[in-house]
Amino acid sequence: MSAFVTVIASPAVRRRAPVALGVCLVSFAAFWVAQRAAHVSMIDLMVYRAEGATVWAGGDLYALRTTAARLPTTYPPFAALLFTPLTLLDTATMRTLGTAGNLALFVVFVRLSLRLVGHARAESVWWVAAPAVWCEPVWTTLRYGQINLLIAVLVLWDLSRRPQDRWVGVGIGLAAAVKLTPALFAVFLLVTGVVAHRRHGSGRPWLRHARVAAASFAGATLLATAVLPYDSWRFWTRMVFAAGRVGHAEDTANQALRGVLARLLHTPEPGAVWVLTAAVVAAAGLGVAVAAELRGGRAWAVTACAVTALLVSPVSWSHHWVWCVPAVLLLATRAYRAAALGTLLVFSSYTLWWVPHGRGRNELHQNGIELMLSAGYGTAGCLFLVIAGVAFRNPGRGQAVTKE
């Protein structure tokens, strides 16, 4: 992978940027055809439109059950406000625009990921995006019409701003107002600022970043409260604590620690075991992210924080793991070639779908091999945090190859 990135960044390849763009467009076209041939439902996009319609109709947002699967509303009320324009589109147009929009967001996400790890050349974006679009988290994101790429782009855009930028923090705040897990990035910034202040007497850039993120989150949430007071009350007093509404913990698509432990322990709710494990991983992951940030390793810090959020969230569906893209790029450009290849294989092999799953709650009865296959993302995430933790014990390897 490291050699691949070096090759695509060479002057010779830069002169062939149109070729890279053409390869990417062919890959995207094939991807589009494959999705249509698979008759993807884009079911989550349908849920989003139903939420928007409920807002317009003044209905009970959290009593909503829609589509043949009778899926509920799970995001904060602010998200439903953003979904209201979807009601202006017919189903076919909405699906077309949803796919095209997600592909465009994916290109932006790849570009931001490359910039994060130190490769900002335009032609590199096309060469990476062409194969990466086929990895399971991206495929499933577009299959369901999910908003994962929008959330990831908001976060990465925010964290690529200069500290003095007036908009710094807004992206994280808005992302957290739509979907709560990005709030961990604000916690990461706050902790970094506090530690920096104690050690060096100045943590102002991180503290300002965290304050703006918190203010943006609060502003979006208050706007939703003003428009949807009843739904906001229900969400923040009840629904935010009802993790079971999202789906069964043991579902094979749930690649958070809670899902892995539910399958491993053959129980629908791992309870205290998960709480303790998640607390340890959260502390360790944030510790790694803060240490990396304070030592100038922004790429390690951001990716470690993202992986930590995915691991400790009660539910992290496989399509939430689009952060595998910057993780693989980071490992590759920092000379962890074996780890990069292994991570790439995990997220491109679709192994979590090789096990019994679906109706009947078969995941509660998996054998040893099936448990390994269905724990791929969670395992890869934990190993990434271990690598990130040791990277700065060997600064030459942790920050060589490219300069951040």
# chains A, B, ... in the order shown; residues from 1 in each chain; ligands from 1
call {"tool": "residues_around", "arguments": {"residues": "Glu293 in chain A", "least_positions_apart": "3", "cutoff": "12 Å", "atoms": "only C-alpha atoms", "output": "ChimeraX atom specification"}}
result
/A:159,188-193,195-196,203,206,286-290,296-305,388-389,392,404
call {"tool": "residues_around", "arguments": {"residues": "Pro182 in chain A", "least_positions_apart": "6", "cutoff": "8 Å", "atoms": "only C-alpha atoms", "output": "PyMOL selection string"}}
result
chain A and resi 151+155+172+175-176+306+309
call {"tool": "write_last_selection", "arguments": {"atoms": "N, CA and C atoms", "output": "PDB file, in the first residue's frame"}}
result
ATOM      1  N   ILE A 151     -21.815  12.763   7.407  1.00  0.00           N
ATOM      2  CA  ILE A 151     -21.323  12.969   8.771  1.00  0.00           C
ATOM      3  C   ILE A 151     -19.794  12.969   8.792  1.00  0.00           C
ATOM      4  N   VAL A 155     -17.105  16.119   9.726  1.00  0.00           N
ATOM      5  CA  VAL A 155     -16.081  16.013  10.768  1.00  0.00           C
ATOM      6  C   VAL A 155     -14.696  16.269  10.200  1.00  0.00           C
ATOM      7  N   ILE A 172     -18.328  19.679  13.366  1.00  0.00           N
ATOM      8  CA  ILE A 172     -18.505  18.659  14.408  1.00  0.00           C
ATOM      9  C   ILE A 172     -19.811  18.880  15.159  1.00  0.00           C
ATOM     10  N   ALA A 175     -22.707  17.806  12.925  1.00  0.00           N
ATOM     11  CA  ALA A 175     -22.705  16.349  12.774  1.00  0.00           C
ATOM     12  C   ALA A 175     -23.266  15.686  14.028  1.00  0.00           C
ATOM     13  N   ALA A 176     -22.886  16.182  15.201  1.00  0.00           N
ATOM     14  CA  ALA A 176     -23.376  15.612  16.454  1.00  0.00           C
ATOM     15  C   ALA A 176     -24.861  15.879  16.653  1.00  0.00           C
ATOM     16  N   ALA A 306     -12.214   8.474  15.842  1.00  0.00           N
ATOM     17  CA  ALA A 306     -13.323   7.924  15.062  1.00  0.00           C
ATOM     18  C   ALA A 306     -13.527   6.447  15.369  1.00  0.00           C
ATOM     19  N   ALA A 309     -15.091   5.977  18.806  1.00  0.00           N
ATOM     20  CA  ALA A 309     -16.522   6.266  18.793  1.00  0.00           C
ATOM     21  C   ALA A 309     -17.314   5.084  18.234  1.00  0.00           C
TER      22      ALA A 309
END
call {"tool": "atom_distance", "arguments": {"atom1": "CA of Leu311 in chain A", "atom2": "CA of Ala120 in chain A"}}
result
28.5 Å
call {"tool": "closest_residue", "arguments": {"among": "A:His39, A:Arg111, A:Arg263, A:Arg258", "to": "Val275 in chain A", "atoms": "only C-alpha atoms"}}
result
A:Arg258
call {"tool": "select_by_dssp", "arguments": {"residues": "range 142-322 of chain A", "states": "helix (DSSP H, G or I)", "output": "PyMOL selection string"}}
result
chain A and resi 142-144+148-159+170-178+183-200+204-227+229-237+239-241+243-245+257-264+272-294+298-312+318-322
call {"tool": "write_last_selection", "arguments": {"atoms": "C-alpha atoms", "output": "tab-separated table (two decimals), in the first residue's frame"}}
result
chain	number	residue	atom	x	y	z
A	142	LEU	CA	-25.19	3.55	-0.69
A	143	ARG	CA	-27.33	0.42	-0.59
A	144	TYR	CA	-29.35	1.86	2.29
A	148	ASN	CA	-22.58	8.23	7.03
A	149	LEU	CA	-20.47	9.94	4.38
A	150	LEU	CA	-22.10	13.31	5.05
A	151	ILE	CA	-21.32	12.97	8.77
A	152	ALA	CA	-17.72	11.89	8.09
A	153	VAL	CA	-17.17	14.74	5.62
A	154	LEU	CA	-18.48	17.30	8.12
A	155	VAL	CA	-16.08	16.01	10.77
A	156	LEU	CA	-13.02	15.78	8.51
A	157	TRP	CA	-13.73	19.16	6.93
A	158	ASP	CA	-13.93	20.67	10.40
A	159	LEU	CA	-10.70	19.05	11.59
A	170	VAL	CA	-19.26	24.06	13.31
A	171	GLY	CA	-18.91	20.84	11.32
A	172	ILE	CA	-18.50	18.66	14.41
A	173	GLY	CA	-21.36	20.43	16.19
A	174	LEU	CA	-23.78	19.97	13.30
A	175	ALA	CA	-22.71	16.35	12.77
A	176	ALA	CA	-23.38	15.61	16.45
A	177	ALA	CA	-26.78	17.31	16.25
A	178	VAL	CA	-27.72	14.95	13.41
A	183	ALA	CA	-19.82	14.36	19.83
A	184	LEU	CA	-16.81	12.30	20.93
A	185	PHE	CA	-14.66	14.51	18.70
A	186	ALA	CA	-15.68	17.53	20.79
A	187	VAL	CA	-14.77	15.60	23.94
A	188	PHE	CA	-11.41	14.75	22.37
A	189	LEU	CA	-10.76	18.44	21.62
A	190	LEU	CA	-11.80	19.48	25.12
A	191	VAL	CA	-9.56	16.90	26.83
A	192	THR	CA	-6.65	17.82	24.55
A	193	GLY	CA	-7.07	21.49	25.41
A	194	VAL	CA	-7.22	20.79	29.15
A	195	VAL	CA	-4.13	18.55	29.05
A	196	ALA	CA	-2.23	21.06	26.89
A	197	HIS	CA	-3.11	23.86	29.31
A	198	ARG	CA	-1.88	21.88	32.30
A	199	ARG	CA	1.34	20.83	30.62
A	200	HIS	CA	2.25	23.91	28.63
A	204	ARG	CA	-6.58	27.71	23.65
A	205	PRO	CA	-6.91	26.40	20.04
A	206	TRP	CA	-8.41	23.08	21.16
A	207	LEU	CA	-10.62	24.64	23.80
A	208	ARG	CA	-11.97	27.19	21.32
A	209	HIS	CA	-12.60	24.40	18.82
A	210	ALA	CA	-14.52	22.42	21.44
A	211	ARG	CA	-16.53	25.48	22.52
A	212	VAL	CA	-17.63	26.29	18.97
A	213	ALA	CA	-18.58	22.64	18.40
A	214	ALA	CA	-20.65	22.64	21.59
A	215	ALA	CA	-22.29	25.96	20.68
A	216	SER	CA	-23.13	24.72	17.17
A	217	PHE	CA	-24.62	21.54	18.60
A	218	ALA	CA	-26.63	23.52	21.13
A	219	GLY	CA	-27.84	25.98	18.49
A	220	ALA	CA	-29.04	23.22	16.15
A	221	THR	CA	-30.69	21.36	19.03
A	222	LEU	CA	-32.45	24.50	20.28
A	223	LEU	CA	-33.70	25.21	16.76
A	224	ALA	CA	-35.18	21.74	16.62
A	225	THR	CA	-36.71	22.25	20.07
A	226	ALA	CA	-38.36	25.47	18.94
A	227	VAL	CA	-39.86	23.78	15.88
A	229	PRO	CA	-40.93	20.84	21.16
A	230	TYR	CA	-42.83	17.62	21.88
A	231	ASP	CA	-40.54	15.42	19.80
A	232	SER	CA	-37.46	17.07	21.31
A	233	TRP	CA	-38.74	16.44	24.84
A	234	ARG	CA	-39.42	12.79	24.05
A	235	PHE	CA	-36.04	12.24	22.42
A	236	TRP	CA	-33.87	13.87	25.09
A	237	THR	CA	-35.79	12.43	28.05
A	239	MET	CA	-35.52	7.88	23.25
A	240	VAL	CA	-31.84	8.79	23.61
A	241	PHE	CA	-31.56	6.07	26.27
A	243	ALA	CA	-30.69	1.72	22.40
A	244	GLY	CA	-32.93	-1.29	21.78
A	245	ARG	CA	-35.12	0.72	19.39
A	257	LEU	CA	-18.19	-3.82	21.07
A	258	ARG	CA	-21.73	-4.35	22.34
A	259	GLY	CA	-22.60	-6.40	19.27
A	260	VAL	CA	-19.39	-8.42	19.37
A	261	LEU	CA	-19.89	-9.23	23.06
A	262	ALA	CA	-23.57	-10.09	22.59
A	263	ARG	CA	-22.64	-12.68	19.98
A	264	LEU	CA	-19.64	-13.94	21.92
A	272	ALA	CA	-22.26	-4.79	32.67
A	273	VAL	CA	-19.62	-6.64	30.65
A	274	TRP	CA	-20.17	-4.26	27.76
A	275	VAL	CA	-20.31	-1.16	29.97
A	276	LEU	CA	-16.98	-2.03	31.60
A	277	THR	CA	-15.33	-2.96	28.30
A	278	ALA	CA	-16.63	0.15	26.55
A	279	ALA	CA	-15.41	2.36	29.41
A	280	VAL	CA	-11.90	0.89	29.21
A	281	VAL	CA	-11.76	1.20	25.42
A	282	ALA	CA	-13.14	4.76	25.53
A	283	ALA	CA	-10.49	5.84	28.03
A	284	ALA	CA	-7.71	4.09	26.13
A	285	GLY	CA	-8.85	5.33	22.72
A	286	LEU	CA	-9.21	8.92	23.87
A	287	GLY	CA	-5.84	8.67	25.59
A	288	VAL	CA	-4.23	7.55	22.35
A	289	ALA	CA	-5.97	10.31	20.37
A	290	VAL	CA	-4.97	13.04	22.83
A	291	ALA	CA	-1.36	11.84	23.03
A	292	ALA	CA	-1.09	11.73	19.24
A	293	GLU	CA	-2.61	15.19	18.86
A	294	LEU	CA	-0.27	16.77	21.38
A	298	ARG	CA	-3.32	14.83	13.79
A	299	ALA	CA	-3.98	11.92	11.41
A	300	TRP	CA	-3.49	9.32	14.16
A	301	ALA	CA	-5.53	11.40	16.60
A	302	VAL	CA	-8.55	11.90	14.33
A	303	THR	CA	-8.68	8.32	13.11
A	304	ALA	CA	-8.20	6.91	16.62
A	305	CYS	CA	-11.05	9.08	17.90
A	306	ALA	CA	-13.32	7.92	15.06
A	307	VAL	CA	-12.54	4.26	15.69
A	308	THR	CA	-13.10	4.73	19.43
A	309	ALA	CA	-16.52	6.27	18.79
A	310	LEU	CA	-17.48	3.32	16.58
A	311	LEU	CA	-16.34	0.77	19.16
A	312	VAL	CA	-18.02	2.24	22.24
A	318	SER	CA	-21.24	-2.05	9.34
A	319	HIS	CA	-21.98	0.95	7.10
A	320	HIS	CA	-20.89	3.31	9.90
A	321	TRP	CA	-17.34	2.02	9.42
A	322	VAL	CA	-16.58	4.19	6.36
call {"tool": "closest_residue", "arguments": {"among": "A:Met94, A:Gly368, A:Ala104, A:Ala20", "to": "Ser124 in chain A", "atoms": "only C-alpha atoms"}}
result
A:Ala20
call {"tool": "residues_around", "arguments": {"residues": "Asn367 in chain A", "least_positions_apart": "3", "cutoff": "12 Å", "atoms": "only C-alpha atoms", "output": "mmCIF file with C-alpha atoms, in the first residue's frame"}}
result
data_model
loop_
_atom_site.group_PDB
_atom_site.id
_atom_site.type_symbol
_atom_site.label_atom_id
_atom_site.label_comp_id
_atom_site.auth_asym_id
_atom_site.auth_seq_id
_atom_site.Cartn_x
_atom_site.Cartn_y
_atom_site.Cartn_z
ATOM 1 C CA ARG A 263 -22.644 -12.682 19.977
ATOM 2 C CA LEU A 264 -19.643 -13.944 21.920
ATOM 3 C CA LEU A 265 -21.628 -14.382 25.152
ATOM 4 C CA HIS A 266 -24.753 -15.644 23.323
ATOM 5 C CA VAL A 355 -22.467 -16.154 8.923
ATOM 6 C CA PRO A 356 -26.090 -17.053 9.750
ATOM 7 C CA ASN A 362 -29.280 -16.825 14.547
ATOM 8 C CA GLU A 363 -26.396 -14.686 15.729
ATOM 9 C CA LEU A 364 -27.021 -15.854 19.308
ATOM 10 C CA GLU A 370 -18.694 -17.679 12.796
ATOM 11 C CA LEU A 371 -17.891 -15.515 15.816
ATOM 12 C CA MET A 372 -14.504 -14.651 14.309
ATOM 13 C CA LEU A 373 -16.026 -13.772 10.955
ATOM 14 C CA SER A 374 -18.730 -11.591 12.508
#
call {"tool": "residues_around", "arguments": {"residues": "Met42 in chain A", "least_positions_apart": "6", "cutoff": "12 Å", "atoms": "only C-alpha atoms", "output": "list in words"}}
result
Gln35, Arg36, Tyr48, Arg49, Thr67, Thr91, Ala92, Met94, Arg95, Thr96, Leu97, Gly98, Thr99, Asn102, Trp139, Thr140, Thr141, Leu142, Arg143, Tyr144, Gly145, Gln146 and Ile147 of chain A
call {"tool": "residues_around", "arguments": {"residues": "Val125 in chain A", "least_positions_apart": "3", "cutoff": "7 Å", "atoms": "only C-alpha atoms", "output": "list in words"}}
result
Val107, Val110, Arg111, Ala122, Val128 and Ala129 of chain A
call {"tool": "write_last_selection", "arguments": {"atoms": "N, CA, C and O atoms", "output": "CSV table (one decimal), in the first residue's frame"}}
result
chain,number,residue,atom,x,y,z
A,107,VAL,N,-16.1,11.0,-2.9
A,107,VAL,CA,-14.9,11.6,-3.4
A,107,VAL,C,-14.3,12.7,-2.5
A,107,VAL,O,-13.1,12.7,-2.3
A,110,VAL,N,-12.7,10.9,0.4
A,110,VAL,CA,-11.3,10.4,0.1
A,110,VAL,C,-10.3,11.5,0.0
A,110,VAL,O,-9.2,11.4,0.5
A,111,ARG,N,-10.7,12.6,-0.6
A,111,ARG,CA,-9.8,13.8,-0.7
A,111,ARG,C,-9.4,14.3,0.7
A,111,ARG,O,-8.2,14.5,1.0
A,122,ALA,N,-4.6,15.8,-6.4
A,122,ALA,CA,-5.9,15.5,-7.0
A,122,ALA,C,-6.0,14.1,-7.6
A,122,ALA,O,-7.0,13.4,-7.4
A,128,VAL,N,-7.5,6.2,-5.6
A,128,VAL,CA,-8.0,5.6,-4.3
A,128,VAL,C,-9.5,5.4,-4.3
A,128,VAL,O,-10.0,4.3,-3.9
A,129,ALA,N,-10.3,6.4,-4.8
A,129,ALA,CA,-11.7,6.2,-4.8
A,129,ALA,C,-12.2,5.1,-5.7
A,129,ALA,O,-13.2,4.5,-5.3
call {"tool": "closest_residue", "arguments": {"among": "A:Ala50, A:Thr351, A:Val133, A:Ala68", "to": "Ala34 in chain A", "atoms": "only C-alpha atoms"}}
result
A:Val133
